[in-house]
Each structure stands twice: as structure tokens, then as C-alpha cells.
file data.txt (compact mmCIF, C-alpha atoms and all ligand atoms)
# COMPACT_ATOMS: atom_id res chain seq x y z
CA MET A 17 27.42 1.11 -12.47
CA MET A 18 25.08 3.57 -10.82
CA ASP A 19 24.25 6.52 -13.12
CA PRO A 20 24.33 9.65 -10.87
CA GLU A 21 21.94 11.43 -13.27
CA LYS A 22 19.24 8.84 -12.53
CA TYR A 23 20.02 7.54 -9.07
CA ALA A 24 20.88 8.69 -5.57
CA THR A 25 21.68 6.76 -2.42
CA ALA A 26 19.46 6.39 0.63
CA THR A 27 20.14 5.02 4.11
CA VAL A 28 17.87 2.68 6.09
CA VAL A 29 17.09 4.59 9.30
CA SER A 30 14.61 2.22 10.95
CA ARG A 31 13.16 -1.22 10.48
CA ARG A 32 10.35 -3.28 11.99
CA ASP A 33 9.31 -6.81 10.99
CA PRO A 34 5.59 -7.38 11.73
CA ALA A 35 5.71 -10.95 10.35
CA PRO A 36 8.21 -13.31 8.77
CA ASP A 37 9.00 -12.04 5.24
CA LEU A 38 7.22 -8.72 5.77
CA TRP A 39 9.04 -5.64 6.91
CA ILE A 40 8.62 -1.90 7.23
CA ILE A 41 11.60 0.38 6.67
CA ARG A 42 12.16 4.08 6.74
CA ILE A 43 14.81 5.36 4.39
CA HIS A 44 16.53 8.72 4.28
CA PRO A 45 17.45 9.69 0.69
CA GLN A 46 20.45 11.97 0.20
CA ILE A 47 18.35 14.17 -2.10
CA GLU A 48 14.93 15.80 -1.87
CA LEU A 49 12.37 13.28 -3.14
CA PRO A 50 8.95 14.98 -3.36
CA TYR A 51 5.83 12.82 -3.79
CA ARG A 52 2.04 12.71 -3.40
CA PRO A 53 0.10 10.01 -1.51
CA GLY A 54 -0.36 7.10 -3.92
CA GLN A 55 3.03 7.44 -5.60
CA TYR A 56 5.89 4.99 -5.56
CA VAL A 57 9.65 5.18 -5.20
CA THR A 58 11.96 2.94 -7.23
CA LEU A 59 14.50 1.14 -5.02
CA GLY A 60 17.60 -0.55 -6.33
CA LEU A 61 20.72 -2.50 -5.43
CA GLN A 62 23.84 -3.00 -7.51
CA SER A 63 24.58 -6.54 -8.62
CA ASN A 64 27.27 -7.64 -11.07
CA GLY A 65 27.73 -4.13 -12.45
CA ARG A 66 24.03 -3.36 -12.99
CA VAL A 67 21.23 -1.90 -10.90
CA ILE A 68 18.33 -4.22 -10.06
CA GLU A 69 15.33 -1.99 -9.39
CA ARG A 70 11.64 -2.33 -8.48
CA PRO A 71 8.84 0.12 -7.59
CA TYR A 72 7.49 0.34 -4.00
CA SER A 73 4.43 2.33 -2.93
CA ILE A 74 5.16 4.94 -0.26
CA CYS A 75 3.44 4.59 3.15
CA SER A 76 4.69 7.82 4.68
CA SER A 77 2.97 11.15 4.23
CA PRO A 78 4.74 13.89 2.24
CA LEU A 79 4.53 15.82 5.54
CA GLU A 80 7.14 13.43 7.03
CA GLY A 81 10.90 13.72 6.54
CA ASP A 82 11.81 10.16 5.63
CA ILE A 83 10.19 7.66 3.27
CA GLU A 84 8.45 4.63 4.75
CA LEU A 85 7.86 1.38 2.85
CA PHE A 86 6.07 -1.91 3.58
CA ILE A 87 7.71 -4.76 1.69
CA GLU A 88 7.07 -8.46 1.20
CA ARG A 89 10.02 -10.76 0.60
CA VAL A 90 9.31 -12.89 -2.45
CA PRO A 91 11.15 -16.24 -2.22
CA ASP A 92 14.21 -15.97 -4.51
CA GLY A 93 12.96 -12.55 -5.65
CA GLU A 94 15.70 -10.75 -7.50
CA LEU A 95 15.40 -7.56 -5.44
CA SER A 96 13.15 -8.20 -2.42
CA ASP A 97 15.33 -11.06 -1.21
CA PRO A 98 18.61 -9.05 -1.03
CA LEU A 99 16.66 -5.99 0.23
CA PHE A 100 15.43 -8.10 3.15
CA ALA A 101 19.03 -8.49 4.33
CA LEU A 102 19.46 -4.71 4.82
CA GLY A 103 19.45 -3.52 8.41
CA VAL A 104 19.55 -0.04 9.92
CA GLY A 105 22.50 1.92 8.53
CA ALA A 106 22.62 0.02 5.21
CA GLU A 107 22.64 1.94 1.93
CA LEU A 108 20.53 1.36 -1.15
CA ILE A 109 19.80 3.14 -4.40
CA VAL A 110 16.73 5.24 -5.22
CA ARG A 111 15.59 6.71 -8.52
CA LYS A 112 15.65 10.48 -8.31
CA ARG A 113 11.97 10.74 -9.30
CA THR A 114 8.91 9.30 -7.59
CA LYS A 115 6.12 8.32 -9.96
CA GLY A 116 2.56 7.04 -10.18
CA LEU A 117 -0.97 8.28 -10.79
CA PHE A 118 -2.86 6.10 -8.29
CA LEU A 119 -4.92 8.30 -5.86
CA ARG A 120 -4.19 11.37 -8.02
CA ASP A 121 -7.87 12.36 -7.93
CA THR A 122 -8.32 11.89 -4.16
CA PRO A 123 -9.81 13.16 -1.95
CA LEU A 124 -12.94 12.85 -4.08
CA ALA A 125 -15.38 15.71 -3.80
CA ALA A 126 -18.60 14.78 -1.97
CA GLU A 127 -18.28 11.02 -2.46
CA PRO A 128 -17.32 8.07 -0.27
CA HIS A 129 -14.00 6.33 -0.91
CA LEU A 130 -13.70 2.55 -0.91
CA PHE A 131 -10.05 1.47 -0.49
CA VAL A 132 -9.31 -2.25 -0.88
CA ALA A 133 -5.85 -3.73 -0.22
CA THR A 134 -4.06 -7.03 0.12
CA VAL A 135 -1.22 -6.96 2.71
CA THR A 136 1.43 -4.46 1.44
CA GLY A 137 -1.17 -2.95 -0.90
CA VAL A 138 -2.25 -0.89 2.10
CA ALA A 139 0.84 1.34 1.60
CA PRO A 140 -0.67 4.13 -0.57
CA PHE A 141 -3.76 4.26 1.66
CA VAL A 142 -1.61 4.71 4.78
CA SER A 143 0.11 7.66 3.05
CA PHE A 144 -3.27 9.16 2.11
CA LEU A 145 -4.73 8.64 5.60
CA ARG A 146 -1.73 10.10 7.44
CA THR A 147 -1.93 13.14 5.17
CA VAL A 148 -5.67 13.78 5.45
CA ALA A 149 -5.67 13.00 9.19
CA SER A 150 -3.18 15.87 9.67
CA GLN A 151 -5.30 18.12 7.47
CA VAL A 152 -8.50 17.26 9.34
CA ARG A 153 -6.80 17.83 12.72
CA ALA A 154 -5.64 21.24 11.43
CA GLY A 155 -9.17 22.05 10.20
CA GLU A 156 -7.96 22.16 6.57
CA TRP A 157 -10.11 19.36 5.13
CA THR A 158 -13.77 18.54 5.50
CA PRO A 159 -13.88 14.79 5.99
CA LEU A 160 -15.75 12.46 3.62
CA PRO A 161 -16.35 8.79 4.30
CA VAL A 162 -13.31 6.55 3.78
CA LEU A 163 -13.72 2.80 4.11
CA LEU A 164 -10.51 0.74 4.05
CA LEU A 165 -10.69 -3.05 3.70
CA GLN A 166 -7.41 -4.95 4.07
CA GLY A 167 -7.01 -8.68 3.49
CA ALA A 168 -4.20 -10.97 4.62
CA ALA A 169 -3.72 -14.67 5.23
CA ARG A 170 -3.03 -14.08 8.97
CA SER A 171 -3.54 -11.03 11.19
CA VAL A 172 0.23 -10.50 11.81
CA GLU A 173 0.53 -9.64 8.12
CA LEU A 174 -1.76 -6.63 8.41
CA GLY A 175 1.31 -4.49 9.27
CA TYR A 176 -0.46 -1.18 10.05
CA ALA A 177 -3.45 -2.54 11.99
CA ASP A 178 -2.67 -0.69 15.26
CA GLU A 179 -2.31 2.67 13.50
CA LEU A 180 -5.41 2.12 11.36
CA VAL A 181 -7.55 0.97 14.31
CA ALA A 182 -6.43 4.11 16.20
CA LEU A 183 -7.45 6.32 13.23
CA ASP A 184 -10.80 4.51 13.03
CA GLN A 185 -11.35 5.28 16.73
CA GLU A 186 -10.28 8.92 16.34
CA PHE A 187 -12.36 9.82 13.26
CA ASP A 188 -15.99 8.97 12.57
CA TRP A 189 -15.45 9.47 8.80
CA PHE A 190 -12.93 6.59 8.67
CA THR A 191 -13.66 2.84 8.94
CA TYR A 192 -10.97 0.15 8.88
CA VAL A 193 -12.00 -3.47 8.32
CA PRO A 194 -9.25 -6.10 8.27
CA THR A 195 -10.03 -9.66 7.23
CA VAL A 196 -7.99 -12.88 7.39
CA SER A 197 -8.33 -15.72 4.92
CA ARG A 198 -6.69 -18.44 7.08
CA PRO A 199 -8.48 -18.05 10.42
CA TRP A 200 -7.63 -21.64 11.36
CA GLU A 201 -3.98 -20.47 11.60
CA ASP A 202 -5.05 -17.48 13.70
CA PRO A 203 -7.08 -18.83 16.66
CA GLU A 204 -7.16 -15.49 18.55
CA TRP A 205 -8.64 -13.60 15.56
CA ARG A 206 -12.10 -12.15 16.23
CA GLY A 207 -12.53 -10.02 13.10
CA GLU A 208 -13.83 -10.75 9.60
CA TRP A 209 -12.96 -14.04 7.87
CA GLY A 210 -12.38 -14.51 4.18
CA ARG A 211 -10.84 -12.54 1.35
CA VAL A 212 -11.47 -8.82 0.96
CA GLU A 213 -13.54 -9.54 -2.15
CA ASP A 214 -15.86 -11.71 -0.01
CA ILE A 215 -16.74 -8.86 2.37
CA MET A 216 -16.49 -5.91 -0.02
CA ARG A 217 -20.13 -5.61 -1.15
CA LYS A 218 -21.48 -5.89 2.40
CA TYR A 219 -19.36 -2.95 3.63
CA ALA A 220 -19.70 -0.84 0.48
CA ASP A 221 -23.50 -1.17 0.65
CA ALA A 222 -23.53 -0.32 4.37
CA ALA A 223 -21.40 2.78 3.64
CA GLY A 224 -24.09 3.99 1.23
CA MET A 225 -22.04 3.46 -1.91
CA HIS A 226 -23.99 2.96 -5.10
CA PRO A 227 -23.35 3.50 -8.81
CA GLY A 228 -22.69 7.21 -9.36
CA HIS A 229 -21.82 7.72 -5.70
CA GLY A 230 -18.41 6.48 -4.61
CA GLY A 231 -14.92 5.81 -5.90
CA VAL A 232 -13.23 2.42 -5.69
CA PHE A 233 -9.44 2.05 -5.30
CA LEU A 234 -7.82 -1.40 -5.42
CA CYS A 235 -4.17 -2.10 -4.58
CA GLY A 236 -1.92 -5.14 -4.41
CA HIS A 237 -2.50 -8.73 -5.54
CA PRO A 238 -3.62 -9.08 -9.21
CA GLY A 239 -6.16 -11.80 -8.32
CA MET A 240 -7.84 -9.54 -5.75
CA ILE A 241 -7.90 -6.67 -8.24
CA SER A 242 -9.57 -8.63 -11.03
CA GLY A 243 -12.04 -10.25 -8.59
CA ALA A 244 -12.92 -6.98 -6.84
CA ARG A 245 -13.30 -5.10 -10.13
CA ALA A 246 -15.70 -7.76 -11.42
CA ILE A 247 -17.77 -7.58 -8.21
CA MET A 248 -18.07 -3.79 -8.37
CA ARG A 249 -18.88 -3.91 -12.09
CA ARG A 250 -21.69 -6.37 -11.35
CA ALA A 251 -22.88 -3.95 -8.64
CA GLY A 252 -23.26 -1.36 -11.41
CA PHE A 253 -20.11 0.71 -10.88
CA ASP A 254 -18.59 2.17 -14.01
CA ASN A 255 -15.11 0.95 -14.97
CA LYS A 256 -13.74 4.50 -14.80
CA VAL A 257 -14.56 4.95 -11.10
CA ILE A 258 -12.58 1.80 -10.28
CA ARG A 259 -8.86 2.66 -10.08
CA GLU A 260 -6.11 0.14 -9.45
CA GLU A 261 -2.44 -0.29 -8.58
CA GLN A 262 -1.43 -3.84 -9.43
CA TYR A 263 1.84 -5.01 -7.88
CA TRP A 264 2.69 -7.74 -10.38
CA PRO A 265 1.21 -9.16 -13.62
CA ASP A 266 -1.59 -11.74 -13.59
C1 LIG B 1 3.45 0.39 -8.70
C2 LIG B 1 3.97 -0.76 -7.85
C3 LIG B 1 4.09 -0.60 -6.48
C4 LIG B 1 4.55 -1.66 -5.69
N1 LIG B 1 4.61 -1.50 -4.34
C5 LIG B 1 5.02 -2.53 -3.56
C6 LIG B 1 5.04 -2.39 -2.12
O1 LIG B 1 4.68 -1.34 -1.56
N2 LIG B 1 5.47 -3.46 -1.41
C7 LIG B 1 5.87 -4.65 -2.00
O2 LIG B 1 6.27 -5.57 -1.28
N3 LIG B 1 5.86 -4.78 -3.34
C8 LIG B 1 5.46 -3.76 -4.12
N4 LIG B 1 5.46 -3.92 -5.49
C9 LIG B 1 6.07 -5.15 -6.07
C10 LIG B 1 7.58 -4.92 -6.22
O3 LIG B 1 7.83 -3.91 -7.18
C11 LIG B 1 8.34 -6.18 -6.68
O4 LIG B 1 7.68 -6.72 -7.80
C12 LIG B 1 8.44 -7.24 -5.59
O5 LIG B 1 9.18 -6.75 -4.48
C13 LIG B 1 9.11 -8.53 -6.15
O6 LIG B 1 10.34 -8.16 -6.70
P1 LIG B 1 11.52 -9.24 -6.76
O7 LIG B 1 12.63 -8.66 -7.59
O8 LIG B 1 11.90 -9.68 -5.38
O9 LIG B 1 10.83 -10.47 -7.47
P2 LIG B 1 11.02 -10.95 -8.99
O10 LIG B 1 12.32 -11.69 -9.10
O11 LIG B 1 10.84 -9.78 -9.90
O12 LIG B 1 9.79 -11.95 -9.12
C14 LIG B 1 8.49 -11.40 -9.09
C15 LIG B 1 7.49 -12.52 -9.28
O13 LIG B 1 7.16 -13.05 -7.98
C16 LIG B 1 5.76 -13.25 -7.86
N5 LIG B 1 5.27 -12.60 -6.62
C17 LIG B 1 4.77 -13.26 -5.57
N6 LIG B 1 4.46 -12.41 -4.58
C18 LIG B 1 4.75 -11.19 -5.00
C19 LIG B 1 4.67 -9.89 -4.42
N7 LIG B 1 4.19 -9.67 -3.17
N8 LIG B 1 5.08 -8.83 -5.12
C20 LIG B 1 5.55 -9.04 -6.38
N9 LIG B 1 5.68 -10.23 -6.98
C21 LIG B 1 5.28 -11.31 -6.30
C22 LIG B 1 5.12 -12.72 -9.12
O14 LIG B 1 4.78 -13.84 -9.90
C23 LIG B 1 6.18 -11.94 -9.83
O15 LIG B 1 6.14 -12.06 -11.21
C24 LIG B 1 4.97 -2.88 -6.29
C25 LIG B 1 4.85 -3.03 -7.69
C26 LIG B 1 4.35 -2.00 -8.45
C27 LIG B 1 4.23 -2.20 -9.96
call {"tool": "encode", "arguments": {"input": "data.txt", "output": "C-alpha cells", "more": "lines below"}}
Ligand SMILES: Cc1cc2nc3c(=O)[nH]c(=O)nc-3n(C[C@H](O)[C@H](O)[C@H](O)COP(=O)(O)OP(=O)(O)OC[C@H]3O[C@@H](n4cnc5c(N)ncnc54)[C@H](O)[C@@H]3O)c2cc1C
result
Amino acid sequence: MMDPEKYATATVVSRRDPAPDLWIIRIHPQIELPYRPGQYVTLGLQSNGRVIERPYSICSSPLEGDIELFIERVPDGELSDPLFALGVGAELIVRKRTKGLFLRDTPLAAEPHLFVATVTGVAPFVSFLRTVASQVRAGEWTPLPVLLLQGAARSVELGYADELVALDQEFDWFTYVPTVSRPWEDPEWRGEWGRVEDIMRKYADAAGMHPGHGGVFLCGHPGMISGARAIMRRAGFDNKVIREEQYWPD
């Protein structure tokens, strides 16, 4: 049964499916659920008298009313599979506390930010960017370089590409570079090819990042995280300036 001390309900208020098995929902919790960019919410569904729950990074900005999430359906996944069936108006369970320390020290003072994501790993960076974009537009934040690299198998999986390209065009401090690793399945694609790790050094170097100058933030697939960390370590970056949010164990 759902413990009302720990959990509240939330309603799905919108849904968009950028690609098969990838969807973006906005949920409206029945309680206040404060959070910072980089934090996650724990979603749940009841099954056979118990709550199945998993963490999901938040894409929306704390300045928005509802909570937005970008989710991948894992075949036969215990939670993501039944979650995928929920349409607008459906109810689910949320933990009453958001959590997570990823991005807690951003924006960095006087240093460029390198954000690296695989598919849904872009979520915390979207939350950060929406928040700082509002602050910059209001004259409340002095922009520092932010470079976001996002990898996916095919371009339809990028999910937030239109919004991120628009931010890249609006702000000269922000650069968005998507890359696809299966270009042969994506004949119209004209952007970067390969995994994010393959293009990371080239863009980090061009952005003027060097050891002692720049913070690295990695989010999503465990293979990308271990590969990207090793590349930045070989480039001389200290382990402690490389932060990560790994979505599942190696
Ligand atoms: C801090 C944090 C934030 C997260 N944020 C997101 C998010 O924003 N969006 C999102 O889609 N997921 C996110 N995840 C992953 C999410 O919590 C679940 O693990 C995922 O939805 C699978 O749960 P499941 O019950 O369907 O699969 P399970 O039945 O628990 O099976 C999971 C197994 O499937 C495999 N797997 C394959 N692809 C994936 C994948 N994309 N994610 C997880 N496991 C995979 C792994 O081997 C894993 O062990 C996050 C995880 C963490 C720890």
C-alpha cells in the first residue's frame, strides 16, 4: 500500500513522444515539490500491494509549475514499461522529496561548463539551461560558456533538439552539439557522427577548456560516463572536476 507519509499522487498533464520508446511527460503533483536543477524525482506505481519506484531527473526549471521528465522505455522494465502506458489524466505516485547533488555547484564561477549527455541524460541540463536562460534574460546572471554535447543512436532520440538549438541561436555563451552514432539509419542527418566521447575533446579544446579551467558534467549511460571520464583524465582534468549522474550500474 502507498504510505501517505512518504508518497503523494501526481497527474500526467501532457505527453509527447519524440521517438518510439522515448517520451516526455509533464506531471502535476498534489503537493509542493521543490527542487534545484540537477535533482531527480522518484516516480512509482502500485503493483501487487507494493510500490515500484525509480528515480527520474527533472527537465523542467523550478520556475515552472509542473514537473517535466524525459523517459526511455526499457523492454520489460519493471517501472518504465507500465509508466509508458500512462496517458494524459493518468495518476502515478511520487516521493514527497526530490533528491540529488548533481549540478549542485553550478553555475561555476568564471569557468566554462562542459555538459555531456546520452539521450535522456540531457534532462538535468535542460533544467539548468531553462533556469539560467530566464536569469540571463532578466539580467540576473552573467553568462559563462556552456557547451552541451548530446549523443543518441538516431536524431529523433535527441528529444529537446529544437529547444536547445533555439537557445544556442539566442545566446552566444551557449553551444549545443548533438551527435548520432547510427548515421546510416538517419540519411537526412547533417550534424556530427559518432558517440559523444568521440567528439568531446575536439569541442572542449575549441571552447578553451584545459586542466584547472572548466568543469565536466556527465549524465546518462554508464559506458559513456566511464569512457568520457577516462578521456578527460587523460587530457589532464582532475577527477574532482568531473561530476557524474549515472542512470544504471555498469
Ligand atoms: C539519478 C537517476 C536519474 C535517472 N533519470 C532518468 C531519466 O531522466 N530518464 C530515464 O529514462 N531514466 C532515468 N533513470 C533510470 C531510471 O531510474 C530507471 O532505471 C529506468 O527507467 C529503468 O527502470 P525499469 O524499472 O523500467 O527497469 P528495470 O526493471 O529496473 O531494469 C533496469 C535494467 O535495464 C537496463 N537498461 C537499459 N537501458 C536503460 C535505461 N535507459 N535506463 C535504465 N536502465 C536501462 C539496465 O541494465 C538496468 O539494470 C535515472 C536513474 C538514476 C539513478
call {"tool": "residues_around", "arguments": {"input": "data.txt", "residues": "A:Asp19", "least_positions_apart": "4", "cutoff": "12 Å", "atoms": "all atoms listed in the file", "output": "list of chain:residue names"}}
result
A:Tyr23, A:Ala24, A:Thr25, A:Gly60, A:Gln62, A:Gly65, A:Arg66, A:Val67, A:Ile109, A:Val110, A:Arg111, A:Lys112
call {"tool": "residues_around", "arguments": {"input": "data.txt", "residues": "A:Thr114", "least_positions_apart": "4", "cutoff": "8 Å", "atoms": "only C-alpha atoms", "output": "list in words"}}
result
Leu49, Pro50, Tyr51, Gln55, Tyr56, Val57 and Thr58 of chain A
call {"tool": "closest_residue", "arguments": {"input": "data.txt", "among": "A:Ile43, A:Ala149, A:Leu130, A:Ala101", "to": "A:Phe253", "atoms": "only C-alpha atoms"}}
result
A:Leu130
call {"tool": "closest_residue", "arguments": {"input": "data.txt", "among": "A:Asp184, A:Glu204, A:Glu94, A:Glu107", "to": "ligand LIG 1 (chain B)", "atoms": "all atoms listed in the file"}}
result
A:Glu94
call {"tool": "atom_distance", "arguments": {"input": "data.txt", "atom1": "atom CA of A:Glu88", "atom2": "atom C14 of ligand LIG 1 (chain B)"}}
result
10.8 Å
call {"tool": "residues_near_ligand", "arguments": {"input": "data.txt", "ligand": "ligand LIG 1 (chain B)", "cutoff": "6 Å", "atoms": "all atoms listed in the file", "output": "ChimeraX atom specification"}}
result
/A:56,70-73,86-88,90,93-97,136,139,261-264
call {"tool": "closest_residue", "arguments": {"input": "data.txt", "among": "A:Pro36, A:Pro194, A:Gly243, A:Gly167", "to": "A:Arg211", "atoms": "all atoms listed in the file"}}
result
A:Gly167
call {"tool": "axis_aligned_box", "arguments": {"input": "data.txt", "around": "stretch 206-221 of chain A", "padding_each_side": "6 Å", "output": "JSON"}}
result
{"center_x": -17.2, "center_y": -7.7, "center_z": 7.0, "size_x": 24.7, "size_y": 25.7, "size_z": 30.4}
call {"tool": "atom_distance", "arguments": {"input": "data.txt", "atom1": "atom CA of A:Pro20", "atom2": "atom CA of A:Asp82"}}
result
20.7 Å
call {"tool": "atom_distance", "arguments": {"input": "data.txt", "atom1": "atom CA of A:Met17", "atom2": "atom CA of A:Arg113"}}
result
18.5 Å
call {"tool": "residues_around", "arguments": {"input": "data.txt", "residues": "A:Leu174", "least_positions_apart": "4", "cutoff": "9 Å", "atoms": "only C-alpha atoms", "output": "PDB file with C-alpha atoms, in the coordinates of the input"}}
result
ATOM      1  CA  PRO A  34       5.590  -7.380  11.730  1.00  0.00           C
ATOM      2  CA  ALA A  35       5.710 -10.950  10.350  1.00  0.00           C
ATOM      3  CA  THR A 134      -4.060  -7.030   0.120  1.00  0.00           C
ATOM      4  CA  VAL A 135      -1.220  -6.960   2.710  1.00  0.00           C
ATOM      5  CA  THR A 136       1.430  -4.460   1.440  1.00  0.00           C
ATOM      6  CA  VAL A 138      -2.250  -0.890   2.100  1.00  0.00           C
ATOM      7  CA  GLN A 166      -7.410  -4.950   4.070  1.00  0.00           C
ATOM      8  CA  GLY A 167      -7.010  -8.680   3.490  1.00  0.00           C
ATOM      9  CA  ALA A 168      -4.200 -10.970   4.620  1.00  0.00           C
ATOM     10  CA  ALA A 169      -3.720 -14.670   5.230  1.00  0.00           C
ATOM     11  CA  ARG A 170      -3.030 -14.080   8.970  1.00  0.00           C
ATOM     12  CA  PRO A 194      -9.250  -6.100   8.270  1.00  0.00           C
ATOM     13  CA  THR A 195     -10.030  -9.660   7.230  1.00  0.00           C
ATOM     14  CA  VAL A 196      -7.990 -12.880   7.390  1.00  0.00           C
TER      15      VAL A 196
END
